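S.K.: One file is attached below, upload_25.cif, containing mmCIF, C-alpha atoms.
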data_target
loop_
_atom_site.label_atom_id
_atom_site.label_comp_id
_atom_site.auth_asym_id
_atom_site.auth_seq_id
_atom_site.Cartn_x
_atom_site.Cartn_y
_atom_site.Cartn_z
CA MET A 9 -157.88 124.04 260.48
CA ASN A 10 -158.26 126.65 257.75
CA GLU A 11 -159.21 130.28 258.38
CA ARG A 12 -162.82 129.78 257.28
CA LEU A 13 -163.40 127.00 259.79
CA ILE A 14 -161.72 129.00 262.54
CA ARG A 15 -164.14 131.87 261.95
CA LEU A 16 -167.04 129.41 261.91
CA GLN A 17 -165.95 128.00 265.26
CA GLU A 18 -165.88 131.54 266.64
CA LYS A 19 -169.42 131.96 265.34
CA LEU A 20 -170.53 128.79 267.15
CA SER A 21 -169.12 130.13 270.39
CA ALA A 22 -170.76 133.52 269.93
CA GLU A 23 -174.14 131.88 269.18
CA GLU A 24 -173.68 129.44 272.09
CA VAL A 25 -174.50 126.34 270.05
CA ASP A 26 -172.81 122.95 270.21
CA ALA A 27 -172.84 122.45 266.44
CA VAL A 28 -174.20 123.91 263.24
CA LEU A 29 -176.07 122.16 260.45
CA ILE A 30 -175.23 123.70 257.06
CA THR A 31 -177.48 122.85 254.12
CA LYS A 32 -177.23 125.89 251.84
CA VAL A 33 -175.11 124.76 248.88
CA PRO A 34 -172.83 127.85 248.65
CA ASN A 35 -172.09 127.60 252.37
CA VAL A 36 -171.41 123.87 252.13
CA THR A 37 -168.91 124.70 249.39
CA TYR A 38 -167.39 127.64 251.24
CA PHE A 39 -166.63 125.79 254.46
CA SER A 40 -165.73 122.35 253.06
CA GLY A 41 -164.60 122.82 249.46
CA PHE A 42 -167.18 120.28 248.31
CA ARG A 43 -169.17 121.38 245.25
CA GLY A 44 -171.97 118.85 245.05
CA ASP A 45 -175.62 119.34 245.99
CA SER A 46 -178.08 117.30 248.10
CA SER A 47 -175.54 117.29 250.93
CA ALA A 48 -174.97 118.84 254.34
CA LEU A 49 -172.28 119.70 256.85
CA LEU A 50 -172.54 119.03 260.56
CA ILE A 51 -169.79 120.90 262.38
CA GLY A 52 -169.16 120.90 266.10
CA ARG A 53 -166.30 121.94 268.32
CA ASN A 54 -164.38 118.71 267.76
CA PHE A 55 -165.93 117.14 264.67
CA ARG A 56 -166.58 118.04 261.04
CA LYS A 57 -168.85 115.79 258.98
CA LEU A 58 -169.91 115.94 255.35
CA ILE A 59 -173.11 113.99 254.71
CA THR A 60 -173.74 113.05 251.09
CA ASP A 61 -174.82 110.12 248.90
CA GLY A 62 -173.12 107.61 246.63
CA ARG A 63 -173.07 109.95 243.62
CA TYR A 64 -170.59 112.21 245.37
CA VAL A 65 -168.43 109.94 247.51
CA GLU A 66 -165.38 109.98 245.25
CA GLN A 67 -165.70 113.72 244.67
CA ALA A 68 -166.15 114.44 248.38
CA ILE A 69 -163.04 112.50 249.36
CA THR A 70 -161.02 114.68 247.00
CA GLN A 71 -162.61 118.04 247.72
CA ALA A 72 -163.38 117.93 251.46
CA LYS A 73 -160.18 116.62 253.01
CA ASP A 74 -160.83 118.30 256.38
CA PHE A 75 -164.13 116.44 256.85
CA THR A 76 -165.25 112.99 257.87
CA LEU A 77 -167.35 111.58 255.03
CA VAL A 78 -170.74 110.15 256.02
CA GLU A 79 -172.59 108.38 253.21
CA GLN A 80 -176.36 108.31 253.38
CA THR A 81 -178.46 105.71 251.56
CA GLU A 82 -181.95 106.22 253.00
CA GLY A 83 -182.42 109.98 252.87
CA LEU A 84 -180.32 113.02 253.72
CA TYR A 85 -182.31 114.25 256.69
CA LYS A 86 -182.72 110.80 258.17
CA LYS A 87 -178.93 110.53 258.23
CA ILE A 88 -178.60 114.06 259.61
CA ILE A 89 -180.85 113.08 262.51
CA GLU A 90 -178.73 109.99 263.18
CA GLU A 91 -175.52 112.06 263.18
CA ILE A 92 -176.94 114.71 265.52
CA LYS A 93 -177.92 111.93 267.93
CA ILE A 94 -174.42 110.43 267.70
CA SER A 95 -172.86 113.82 268.39
CA ALA A 96 -174.96 114.19 271.58
CA CYS A 97 -175.41 117.91 270.84
CA LYS A 98 -178.10 119.67 272.84
CA LYS A 99 -178.19 122.95 270.91
CA VAL A 100 -177.76 123.01 267.14
CA GLY A 101 -177.62 126.01 264.84
CA PHE A 102 -179.31 125.88 261.45
CA GLU A 103 -179.71 128.22 258.48
CA GLY A 104 -183.14 129.61 259.17
CA LEU A 105 -183.18 131.83 256.10
CA THR A 106 -182.96 128.83 253.77
CA MET A 107 -184.31 125.78 255.60
CA THR A 108 -187.94 125.04 254.79
CA VAL A 109 -190.61 124.95 257.48
CA ALA A 110 -191.30 121.31 256.62
CA VAL A 111 -187.68 120.24 257.20
CA HIS A 112 -187.43 122.25 260.40
CA SER A 113 -190.61 120.68 261.73
CA TYR A 114 -189.32 117.20 260.86
CA LEU A 115 -186.04 117.77 262.69
CA LYS A 116 -187.82 119.09 265.79
CA LYS A 117 -190.23 116.15 265.77
CA GLU A 118 -187.45 113.57 265.56
CA LEU A 119 -185.04 115.37 267.90
CA LYS A 120 -187.26 116.45 270.77
CA ASP A 121 -184.34 116.86 273.19
CA VAL A 122 -182.40 119.15 270.85
CA GLU A 123 -182.82 122.92 270.80
CA PHE A 124 -182.52 124.47 267.35
CA LYS A 125 -181.35 128.04 266.84
CA SER A 126 -181.46 129.95 263.57
CA ILE A 127 -178.10 131.55 262.78
CA ALA A 128 -176.86 133.51 259.77
CA LEU A 129 -173.67 132.35 258.08
CA ASP A 130 -173.66 134.29 254.81
CA THR A 131 -171.93 137.31 256.33
CA LEU A 132 -168.87 135.14 257.01
CA ARG A 133 -168.34 135.02 253.23
CA GLN A 134 -168.28 138.80 252.70
CA VAL A 135 -164.52 139.39 252.83
CA LYS A 136 -162.80 137.40 250.08
CA ASP A 137 -159.44 135.67 250.39
CA ALA A 138 -156.76 135.68 247.70
CA ALA A 139 -158.03 132.52 246.00
CA GLU A 140 -161.60 133.83 245.85
CA ILE A 141 -160.46 137.14 244.40
CA ALA A 142 -158.43 135.32 241.76
CA ASN A 143 -161.45 133.20 240.77
CA ILE A 144 -163.75 136.22 240.51
CA ARG A 145 -161.11 138.15 238.60
CA ARG A 146 -160.90 135.32 236.07
CA ALA A 147 -164.69 135.13 235.79
CA CYS A 148 -164.67 138.86 235.04
CA GLU A 149 -162.01 138.45 232.36
CA ILE A 150 -164.13 135.79 230.67
CA ALA A 151 -167.18 138.06 230.68
CA ASP A 152 -165.13 140.94 229.29
CA ASP A 153 -163.82 138.78 226.46
CA ALA A 154 -167.32 137.53 225.66
CA PHE A 155 -168.60 141.11 225.45
CA LYS A 156 -165.87 141.99 222.98
CA LYS A 157 -166.83 139.01 220.83
CA VAL A 158 -170.57 139.68 220.91
CA LEU A 159 -170.07 143.24 219.67
CA ALA A 160 -168.87 141.73 216.41
CA VAL A 161 -172.12 139.83 215.81
CA ILE A 162 -174.94 142.09 217.06
CA LYS A 163 -176.93 143.61 214.23
CA PRO A 164 -180.46 144.84 213.48
CA GLY A 165 -182.89 141.97 213.03
CA MET A 166 -181.31 139.69 215.65
CA ARG A 167 -183.59 138.57 218.42
CA GLU A 168 -182.64 139.23 222.02
CA PHE A 169 -182.39 135.55 222.85
CA GLU A 170 -179.88 135.10 220.00
CA VAL A 171 -177.63 137.72 221.57
CA ALA A 172 -177.99 136.01 224.96
CA ALA A 173 -177.15 132.65 223.39
CA ASP A 174 -174.04 134.12 221.76
CA LEU A 175 -172.88 135.67 225.03
CA GLU A 176 -173.31 132.40 226.90
CA TYR A 177 -171.65 130.42 224.11
CA PHE A 178 -168.64 132.73 224.06
CA MET A 179 -168.33 132.55 227.85
CA ARG A 180 -168.42 128.75 227.82
CA ARG A 181 -165.80 128.58 225.08
CA LEU A 182 -163.62 130.94 227.10
CA GLY A 183 -163.76 128.74 230.21
CA SER A 184 -166.95 129.61 232.09
CA GLU A 185 -168.59 126.69 233.89
CA ALA A 186 -172.04 128.18 233.34
CA ALA A 187 -173.79 131.52 233.07
CA ALA A 188 -173.74 133.11 236.51
CA PHE A 189 -177.45 133.93 236.18
CA THR A 190 -180.16 134.20 233.54
CA THR A 191 -178.71 136.52 230.90
CA ILE A 192 -180.51 139.84 230.46
CA VAL A 193 -180.78 141.33 226.98
CA ALA A 194 -183.31 144.17 226.77
CA SER A 195 -183.57 146.31 223.65
CA GLY A 196 -185.56 149.41 222.76
CA TRP A 197 -188.68 149.84 224.90
CA ARG A 198 -187.84 146.66 226.86
CA GLY A 199 -184.80 148.44 228.29
CA SER A 200 -187.09 149.97 230.92
CA LEU A 201 -187.33 146.48 232.48
CA PRO A 202 -184.33 146.25 234.87
CA HIS A 203 -184.49 142.44 234.77
CA GLY A 204 -185.74 142.10 231.22
CA THR A 205 -184.42 138.65 230.42
CA ALA A 206 -183.88 137.98 226.73
CA SER A 207 -187.07 137.63 224.67
CA ASP A 208 -187.92 136.96 221.03
CA LYS A 209 -188.09 140.71 220.32
CA LYS A 210 -186.08 141.77 217.28
CA ILE A 211 -183.43 144.43 217.79
CA CYS A 212 -184.06 147.41 215.55
CA ALA A 213 -181.66 150.01 214.19
CA GLY A 214 -181.30 152.98 216.52
CA GLU A 215 -182.22 151.05 219.67
CA LEU A 216 -180.32 150.87 222.92
CA VAL A 217 -179.49 147.31 224.00
CA THR A 218 -178.74 146.52 227.65
CA MET A 219 -176.81 143.30 228.28
CA ASP A 220 -176.39 142.05 231.87
CA PHE A 221 -174.48 138.78 232.14
CA GLY A 222 -171.78 136.94 234.04
CA ALA A 223 -169.45 133.96 233.94
CA THR A 224 -168.65 131.34 236.57
CA PHE A 225 -165.12 130.16 237.31
CA ASN A 226 -164.37 127.56 240.01
CA GLY A 227 -167.83 128.28 241.38
CA TYR A 228 -167.34 132.04 241.61
CA CYS A 229 -169.41 134.58 239.68
CA SER A 230 -168.85 137.77 237.76
CA ASP A 231 -171.47 140.41 236.96
CA ILE A 232 -171.29 143.03 234.24
CA THR A 233 -173.76 145.23 232.39
CA ARG A 234 -173.12 147.28 229.31
CA THR A 235 -175.61 149.26 227.22
CA ILE A 236 -174.85 149.93 223.56
CA CYS A 237 -176.69 151.48 220.63
CA VAL A 238 -177.26 149.51 217.43
CA GLY A 239 -176.82 152.43 215.08
CA LYS A 240 -176.42 156.11 215.91
CA ALA A 241 -177.80 157.26 219.25
CA SER A 242 -180.29 160.11 219.47
CA ALA A 243 -179.63 163.19 221.57
CA GLU A 244 -182.01 161.87 224.28
CA GLN A 245 -180.36 158.45 224.35
CA ARG A 246 -176.95 160.05 224.65
CA LYS A 247 -178.17 162.33 227.45
CA ILE A 248 -179.52 159.41 229.51
CA TYR A 249 -176.43 157.34 228.83
CA ASN A 250 -174.10 160.09 230.01
CA LEU A 251 -176.13 160.59 233.21
CA VAL A 252 -175.77 156.89 234.03
CA LEU A 253 -172.08 156.84 233.13
CA ASP A 254 -171.46 159.86 235.38
CA ALA A 255 -173.22 158.10 238.27
CA GLN A 256 -171.38 154.83 237.67
CA LEU A 257 -167.99 156.54 237.63
CA TYR A 258 -168.92 158.44 240.78
CA GLY A 259 -169.80 155.12 242.37
CA LEU A 260 -166.21 154.05 241.78
CA GLU A 261 -165.11 157.04 243.84
CA VAL A 262 -167.37 156.45 246.83
CA ILE A 263 -167.25 152.63 247.09
CA THR A 264 -164.47 152.75 249.64
CA ALA A 265 -163.61 150.85 252.80
CA GLY A 266 -165.19 152.38 255.88
CA LYS A 267 -168.35 153.65 254.20
CA GLY A 268 -171.73 152.00 254.73
CA GLY A 269 -174.08 150.53 252.16
CA VAL A 270 -176.82 153.14 252.66
CA GLU A 271 -174.32 155.99 252.57
CA ILE A 272 -172.83 154.84 249.26
CA ASP A 273 -176.21 154.20 247.64
CA THR A 274 -177.49 157.60 248.74
CA ALA A 275 -174.45 159.44 247.40
CA VAL A 276 -174.94 158.03 243.90
CA ARG A 277 -178.73 158.28 244.01
CA ASP A 278 -178.48 161.98 244.86
CA ARG A 279 -176.76 162.63 241.53
CA PHE A 280 -179.78 161.29 239.67
CA THR A 281 -182.13 163.29 241.90
CA ALA A 282 -180.20 166.50 241.25
CA ALA A 283 -180.53 165.88 237.50
CA GLY A 284 -184.28 165.27 237.81
CA TYR A 285 -184.12 161.51 237.28
CA GLY A 286 -184.22 160.20 240.85
CA ASP A 287 -187.56 158.43 240.33
CA TYR A 288 -186.13 156.44 237.43
CA PHE A 289 -183.43 154.68 239.48
CA VAL A 290 -185.54 151.90 240.95
CA HIS A 291 -183.08 149.49 242.55
CA GLY A 292 -180.07 149.51 244.82
CA LEU A 293 -176.65 150.57 243.62
CA GLY A 294 -175.07 147.16 244.10
CA HIS A 295 -174.64 143.86 245.88
CA GLY A 296 -171.95 141.45 246.90
CA VAL A 297 -170.67 138.86 244.42
CA GLY A 298 -169.02 135.53 245.17
CA LEU A 299 -170.28 131.96 245.21
CA GLU A 300 -173.70 133.55 244.69
CA ILE A 301 -174.48 136.28 242.21
CA HIS A 302 -176.36 138.25 244.87
CA GLU A 303 -174.93 138.10 248.36
CA GLU A 304 -173.89 140.38 251.21
CA PRO A 305 -172.99 143.20 251.48
CA ARG A 306 -175.71 145.24 249.80
CA LEU A 307 -175.42 148.84 248.62
CA SER A 308 -179.02 150.04 248.90
CA LYS A 309 -181.52 152.01 250.94
CA LEU A 310 -182.11 148.89 253.06
CA SER A 311 -178.48 147.82 253.44
CA LYS A 312 -177.41 146.43 256.81
CA CYS A 313 -173.74 146.92 255.96
CA GLU A 314 -172.35 149.54 258.35
CA GLN A 315 -168.99 149.71 256.61
CA LEU A 316 -167.26 148.08 253.69
CA LEU A 317 -164.02 146.26 254.39
CA PRO A 318 -161.02 145.69 252.11
CA ASN A 319 -161.39 142.60 249.89
CA MET A 320 -165.15 142.71 249.79
CA ILE A 321 -166.40 142.47 246.20
CA VAL A 322 -169.52 144.38 245.18
CA THR A 323 -171.22 145.67 242.05
CA ASP A 324 -171.62 149.28 240.99
CA GLU A 325 -174.70 149.36 238.73
CA PRO A 326 -176.76 152.54 238.56
CA GLY A 327 -179.47 152.71 235.91
CA ILE A 328 -182.26 154.85 234.52
CA TYR A 329 -185.44 153.16 233.28
CA ILE A 330 -188.15 155.12 231.47
CA GLU A 331 -191.35 153.50 230.21
CA ASN A 332 -191.82 153.74 226.43
CA PHE A 333 -188.24 155.02 226.08
CA GLY A 334 -186.06 152.22 227.35
CA GLY A 335 -183.22 152.20 229.78
CA VAL A 336 -179.51 152.35 230.44
CA ARG A 337 -177.50 150.44 233.04
CA ILE A 338 -173.73 150.25 233.39
CA GLU A 339 -172.24 147.79 235.86
CA ASP A 340 -168.84 146.67 237.06
CA THR A 341 -167.79 144.03 239.55
CA VAL A 342 -165.59 145.96 241.99
CA LEU A 343 -162.93 144.97 244.52
CA VAL A 344 -162.97 147.11 247.65
CA THR A 345 -159.47 148.06 248.79
CA SER A 346 -157.97 150.24 251.51
CA GLY A 347 -157.61 152.91 248.83
CA LYS A 348 -159.24 153.41 245.44
CA PRO A 349 -161.71 150.62 244.48
CA GLN A 350 -160.60 148.35 241.66
CA PRO A 351 -163.05 147.44 238.86
CA LEU A 352 -162.52 143.78 237.93
CA THR A 353 -164.66 144.11 234.79
CA ARG A 354 -162.76 146.25 232.31
CA SER A 355 -164.92 146.48 229.19
CA PRO A 356 -165.22 149.99 227.66
CA LYS A 357 -167.90 152.20 229.16
CA HIS A 358 -168.15 154.95 226.56
CA LEU A 359 -171.30 154.79 224.44
CA ILE A 360 -170.63 152.23 221.74
CA GLU A 361 -172.57 152.81 218.52
CA LEU A 362 -172.47 149.83 216.16
#
What would you get if you wrote out this structure as structure tokens?

M.R.:
Amino acid sequence: MNERLIRLQEKLSAEEVDAVLITKVPNVTYFSGFRGDSSALLIGRNFRKLITDGRYVEQAITQAKDFTLVEQTEGLYKKIIEEIKISACKKVGFEGLTMTVAVHSYLKKELKDVEFKSIALDTLRQVKDAAEIANIRRACEIADDAFKKVLAVIKPGMREFEVAADLEYFMRRLGSEAAAFTTIVASGWRGSLPHGTASDKKICAGELVTMDFGATFNGYCSDITRTICVGKASAEQRKIYNLVLDAQLYGLEVITAGKGGVEIDTAVRDRFTAAGYGDYFVHGLGHGVGLEIHEEPRLSKLSKCEQLLPNMIVTDEPGIYIENFGGVRIEDTVLVTSGKPQPLTRSPKHLIEL
């Protein structure tokens, strides 16, 4: 049994359940290796079942070698109910943060003698193994290479969605399976929108352009943001940029094993506050990255992470957003180590003026 399944079995014991039903796609992938959708895992102390349909049978046999394949032909949850009855489990864990109320009600109606308990599994994915780190590192390399290529094509008059299309095209040509999330390209006044996904706005000379994008490699994501100036930056643009760069570089000093998510976020946030820009940093410092683009641990005011551990991977992405001015964000995907954190995204961070 691999290390992931061993830790899951320990979780079952700690939660005092006979089995766990896993339906969240990233968790299905994490524990089984299977990368299809519309499927589920049912894992007990002495059985491991992957329930899927005919579209995925051949794929499942190859990818989920540690699991018994159960093919469903009349509906996923009907087959899940059958398999829970066969297993004779009396207490079953489920992913309460992702299962719908309708599905939960259906399961309880059909399995009146079974007690269901909501349990959280995402935290088991926080510390990455060597293979996961290698996949994320490669996804970061792809994003870095795409950024280098897009710098050669950005010019005044291009629309934001054209830049986003070029970034995604370059990433795909370089080996990305898909964009890790909806690409953000926000220029000029739109830069004050932290999640300003690409629009039909034309990029004008002298504007800052924030690009937030990521690649996917073997299911694993990367996340990078760079802000550039199309033309020569003004004194105010340069001032804001340097404040963000200072905070981002400081983040790379304090994102260390043993420190908590709130502590790290506060340390970087205080630099903005001291400079008079605390109110313009409107989101958390970072988040975990892996099979999902946003996962645990979080680096924010509301973080539940008491301490980072080596081989966690998080982002470091401070930003300043000012209405009618624009914004600046600089972001790296970062590997937490027992010593100095290691940025996996390596694109230049000095202010690039095209």

S.K.: Between A:Gly286, A:Ile144, A:Lys87, A:Ser40, which is the closest to A:Ala72 once you count only C-alpha atoms?

M.R.: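 The closest residue to A:Ala72 is A:Ser40.
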
S.K.: Could you check which of A:Glu103, A:Glu91, A:Asp324, A:Glu244 is closest to A:Glu79, using only C-alpha atoms?

M.R.: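 Smallest distance to A:Glu79 is found for A:Glu91.
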
S.K.: For A:Lys120, please output as a PyMOL selection string all residues within 12 Å (counting all atoms listed in the file; exclusion window: fewer than 6 positions along the same chain).

M.R.: chain A and resi 89+92-93+97-99+112-114

S.K.: What is the atom CA of A:Val193-atom CA of A:Val171 distance in Å, reported with one decimal?

M.R.: 7.2 Å

S.K.: Would you mind reading off the distance between atom CA of A:Val36 and atom CA of A:Gly222, one decimal, in Å?

M.R.: 22.3 Å

S.K.: In Å to one decimal, how far is atom CA of A:Glu170 from atom CA of A:Ala147?

M.R.: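 That distance, rounded to one decimal, is 21.9 Å.
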
S.K.: List the residues selected by the PyMOL selection byres ((chain A and resi 325) around 6) in the file shown, writing them as a list of chain:residue names.

M.R.: A:Leu293, A:Gly294, A:Asp324, A:Pro326, A:Ile338, A:Glu339

S.K.: How about saving the chosen residues, C-alpha atoms kept, as a compact mmCIF listing (two decimals), in the frame of the given file?

M.R.:
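Saved file again.txt follows:
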# COMPACT_ATOMS: atom_id res chain seq x y z
CA LEU A 293 -176.65 150.57 243.62
CA GLY A 294 -175.07 147.16 244.10
CA ASP A 324 -171.62 149.28 240.99
CA PRO A 326 -176.76 152.54 238.56
CA ILE A 338 -173.73 150.25 233.39
CA GLU A 339 -172.24 147.79 235.86

S.K.: Residues at most 7 Å from stretch 25-30 of chain A, counting only C-alpha atoms, excluding those fewer than 4 positions away in the same chain, as an mmCIF file with C-alpha atoms, in the frame of the given file?

M.R.:
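And here is the file that came out, part10.cif:
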data_model
loop_
_atom_site.group_PDB
_atom_site.id
_atom_site.type_symbol
_atom_site.label_atom_id
_atom_site.label_comp_id
_atom_site.auth_asym_id
_atom_site.auth_seq_id
_atom_site.Cartn_x
_atom_site.Cartn_y
_atom_site.Cartn_z
ATOM 1 C CA LEU A 20 -170.530 128.790 267.150
ATOM 2 C CA SER A 21 -169.120 130.130 270.390
ATOM 3 C CA ASN A 35 -172.090 127.600 252.370
ATOM 4 C CA VAL A 36 -171.410 123.870 252.130
ATOM 5 C CA ALA A 48 -174.970 118.840 254.340
ATOM 6 C CA LEU A 49 -172.280 119.700 256.850
ATOM 7 C CA LEU A 50 -172.540 119.030 260.560
ATOM 8 C CA ILE A 51 -169.790 120.900 262.380
ATOM 9 C CA GLY A 52 -169.160 120.900 266.100
ATOM 10 C CA ARG A 53 -166.300 121.940 268.320
ATOM 11 C CA CYS A 97 -175.410 117.910 270.840
ATOM 12 C CA LYS A 98 -178.100 119.670 272.840
ATOM 13 C CA LYS A 99 -178.190 122.950 270.910
ATOM 14 C CA VAL A 100 -177.760 123.010 267.140
ATOM 15 C CA GLY A 101 -177.620 126.010 264.840
ATOM 16 C CA PHE A 102 -179.310 125.880 261.450
ATOM 17 C CA GLU A 103 -179.710 128.220 258.480
#

S.K.: Rank A:Pro351, A:Gly41, A:Gly214, A:Gly296 by their smallest atom-to-atom distance to A:Ala243, using all atoms listed in the file, and report the top residue only.

M.R.: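 Of A:Pro351, A:Gly41, A:Gly214, A:Gly296, the one nearest A:Ala243, counting all atoms listed in the file, is A:Gly214.
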
S.K.: Starting from 5 Å padding per side, set up an axis-aligned box that covers all listed atoms of stretch 47-63 of chain A and hand over centre and edge lengths in Å, one decimal, as JSON.

M.R.:
{"center_x": -170.0, "center_y": 114.8, "center_z": 256.0, "size_x": 21.2, "size_y": 24.3, "size_z": 34.7}

S.K.: Counting only C-alpha atoms, figure out which residue out of A:Arg145, A:Pro202, A:Glu303, A:Ile162 gets nearest to A:Thr341.

M.R.: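 Smallest separation from A:Thr341 among the options: A:Arg145.
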
S.K.: Given the file shown, enumerate the residues that the PyMOL selection byres ((chain A and resi 187) around 7) captures and present them as an mmCIF file with C-alpha atoms, keeping the file's coordinate frame.

M.R.:
data_model
loop_
_atom_site.group_PDB
_atom_site.id
_atom_site.type_symbol
_atom_site.label_atom_id
_atom_site.label_comp_id
_atom_site.auth_asym_id
_atom_site.auth_seq_id
_atom_site.Cartn_x
_atom_site.Cartn_y
_atom_site.Cartn_z
ATOM 1 C CA GLU A 176 -173.310 132.400 226.900
ATOM 2 C CA ALA A 186 -172.040 128.180 233.340
ATOM 3 C CA ALA A 188 -173.740 133.110 236.510
ATOM 4 C CA PHE A 189 -177.450 133.930 236.180
ATOM 5 C CA THR A 190 -180.160 134.200 233.540
ATOM 6 C CA GLY A 222 -171.780 136.940 234.040
ATOM 7 C CA ALA A 223 -169.450 133.960 233.940
ATOM 8 C CA THR A 224 -168.650 131.340 236.570
#

S.K.: Determine the nearest neighbour of A:Asn319 from the options A:Leu253, A:Ala213, A:Val109, A:Val342, counting all atoms listed in the file.

M.R.: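 Using all atoms listed in the file, the shortest distance to A:Asn319 belongs to A:Val342.
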
S.K.: Which residues fall under the PyMOL selection byres ((chain A and resi 39) around 12) in this file, as a PDB file with C-alpha atoms, in the frame of the given file?

M.R.:
ATOM      1  CA  MET A   9    -157.880 124.040 260.480  1.00  0.00           C
ATOM      2  CA  ASN A  10    -158.260 126.650 257.750  1.00  0.00           C
ATOM      3  CA  GLU A  11    -159.210 130.280 258.380  1.00  0.00           C
ATOM      4  CA  ARG A  12    -162.820 129.780 257.280  1.00  0.00           C
ATOM      5  CA  LEU A  13    -163.400 127.000 259.790  1.00  0.00           C
ATOM      6  CA  ILE A  14    -161.720 129.000 262.540  1.00  0.00           C
ATOM      7  CA  ARG A  15    -164.140 131.870 261.950  1.00  0.00           C
ATOM      8  CA  LEU A  16    -167.040 129.410 261.910  1.00  0.00           C
ATOM      9  CA  GLN A  17    -165.950 128.000 265.260  1.00  0.00           C
ATOM     10  CA  VAL A  28    -174.200 123.910 263.240  1.00  0.00           C
ATOM     11  CA  LEU A  29    -176.070 122.160 260.450  1.00  0.00           C
ATOM     12  CA  ILE A  30    -175.230 123.700 257.060  1.00  0.00           C
ATOM     13  CA  THR A  31    -177.480 122.850 254.120  1.00  0.00           C
ATOM     14  CA  LYS A  32    -177.230 125.890 251.840  1.00  0.00           C
ATOM     15  CA  VAL A  33    -175.110 124.760 248.880  1.00  0.00           C
ATOM     16  CA  PRO A  34    -172.830 127.850 248.650  1.00  0.00           C
ATOM     17  CA  ASN A  35    -172.090 127.600 252.370  1.00  0.00           C
ATOM     18  CA  VAL A  36    -171.410 123.870 252.130  1.00  0.00           C
ATOM     19  CA  THR A  37    -168.910 124.700 249.390  1.00  0.00           C
ATOM     20  CA  TYR A  38    -167.390 127.640 251.240  1.00  0.00           C
ATOM     21  CA  SER A  40    -165.730 122.350 253.060  1.00  0.00           C
ATOM     22  CA  GLY A  41    -164.600 122.820 249.460  1.00  0.00           C
ATOM     23  CA  PHE A  42    -167.180 120.280 248.310  1.00  0.00           C
ATOM     24  CA  ARG A  43    -169.170 121.380 245.250  1.00  0.00           C
ATOM     25  CA  ALA A  48    -174.970 118.840 254.340  1.00  0.00           C
ATOM     26  CA  LEU A  49    -172.280 119.700 256.850  1.00  0.00           C
ATOM     27  CA  LEU A  50    -172.540 119.030 260.560  1.00  0.00           C
ATOM     28  CA  ILE A  51    -169.790 120.900 262.380  1.00  0.00           C
ATOM     29  CA  ARG A  56    -166.580 118.040 261.040  1.00  0.00           C
ATOM     30  CA  LYS A  57    -168.850 115.790 258.980  1.00  0.00           C
ATOM     31  CA  LEU A  58    -169.910 115.940 255.350  1.00  0.00           C
ATOM     32  CA  GLN A  71    -162.610 118.040 247.720  1.00  0.00           C
ATOM     33  CA  ALA A  72    -163.380 117.930 251.460  1.00  0.00           C
ATOM     34  CA  LYS A  73    -160.180 116.620 253.010  1.00  0.00           C
ATOM     35  CA  ASP A  74    -160.830 118.300 256.380  1.00  0.00           C
ATOM     36  CA  PHE A  75    -164.130 116.440 256.850  1.00  0.00           C
ATOM     37  CA  LEU A 129    -173.670 132.350 258.080  1.00  0.00           C
ATOM     38  CA  ASP A 130    -173.660 134.290 254.810  1.00  0.00           C
ATOM     39  CA  LEU A 132    -168.870 135.140 257.010  1.00  0.00           C
ATOM     40  CA  ARG A 133    -168.340 135.020 253.230  1.00  0.00           C
ATOM     41  CA  LEU A 299    -170.280 131.960 245.210  1.00  0.00           C
TER      42      LEU A 299
END

S.K.: Give me, as a PyMOL selection string, all polymer residues having an atom no more than 12 Å from A:Val65, counting all atoms listed in the file and skipping those fewer than 2 positions away in the same chain.

M.R.: chain A and resi 42-45+47+58-63+67-73+76-81

S.K.: So, counting all atoms listed in the file, which residue among A:Ser230, A:Gln350, A:Thr131, A:Ser184 is closest to A:Lys19?

M.R.: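 Closest to A:Lys19 of all the choices is A:Thr131.
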
S.K.: Tell me which protein, DNA and RNA residues are within 8 Å of A:Gly268, counting all atoms listed in the file, leaving out same-chain ones fewer than 2 positions away, and put them as a list in words.

M.R.: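 Non-adjacent residues within range: Gly266, Val270, Glu271, Ile272, Leu307, Cys313, Glu314, Gln315 and Leu316 of chain A.
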
S.K.: Kindly add N, CA and C atoms to the incomplete stretch 140-145 of chain A and provide the output as a PDB file, in the frame of the given file.

M.R.:
ATOM      1  N   GLU A 140    -160.280 133.395 246.307  1.00  0.00           N
ATOM      2  CA  GLU A 140    -161.600 133.830 245.850  1.00  0.00           C
ATOM      3  C   GLU A 140    -161.490 135.022 244.901  1.00  0.00           C
ATOM      4  N   ILE A 141    -160.649 135.971 245.254  1.00  0.00           N
ATOM      5  CA  ILE A 141    -160.460 137.140 244.400  1.00  0.00           C
ATOM      6  C   ILE A 141    -159.922 136.726 243.036  1.00  0.00           C
ATOM      7  N   ALA A 142    -158.997 135.791 243.028  1.00  0.00           N
ATOM      8  CA  ALA A 142    -158.430 135.320 241.760  1.00  0.00           C
ATOM      9  C   ALA A 142    -159.506 134.644 240.909  1.00  0.00           C
ATOM     10  N   ASN A 143    -160.373 133.863 241.521  1.00  0.00           N
ATOM     11  CA  ASN A 143    -161.450 133.200 240.770  1.00  0.00           C
ATOM     12  C   ASN A 143    -162.430 134.207 240.193  1.00  0.00           C
ATOM     13  N   ILE A 144    -162.801 135.202 240.992  1.00  0.00           N
ATOM     14  CA  ILE A 144    -163.750 136.220 240.510  1.00  0.00           C
ATOM     15  C   ILE A 144    -163.092 137.073 239.431  1.00  0.00           C
ATOM     16  N   ARG A 145    -161.824 137.378 239.607  1.00  0.00           N
ATOM     17  CA  ARG A 145    -161.110 138.150 238.600  1.00  0.00           C
ATOM     18  C   ARG A 145    -161.118 137.405 237.259  1.00  0.00           C
TER      19      ARG A 145
END
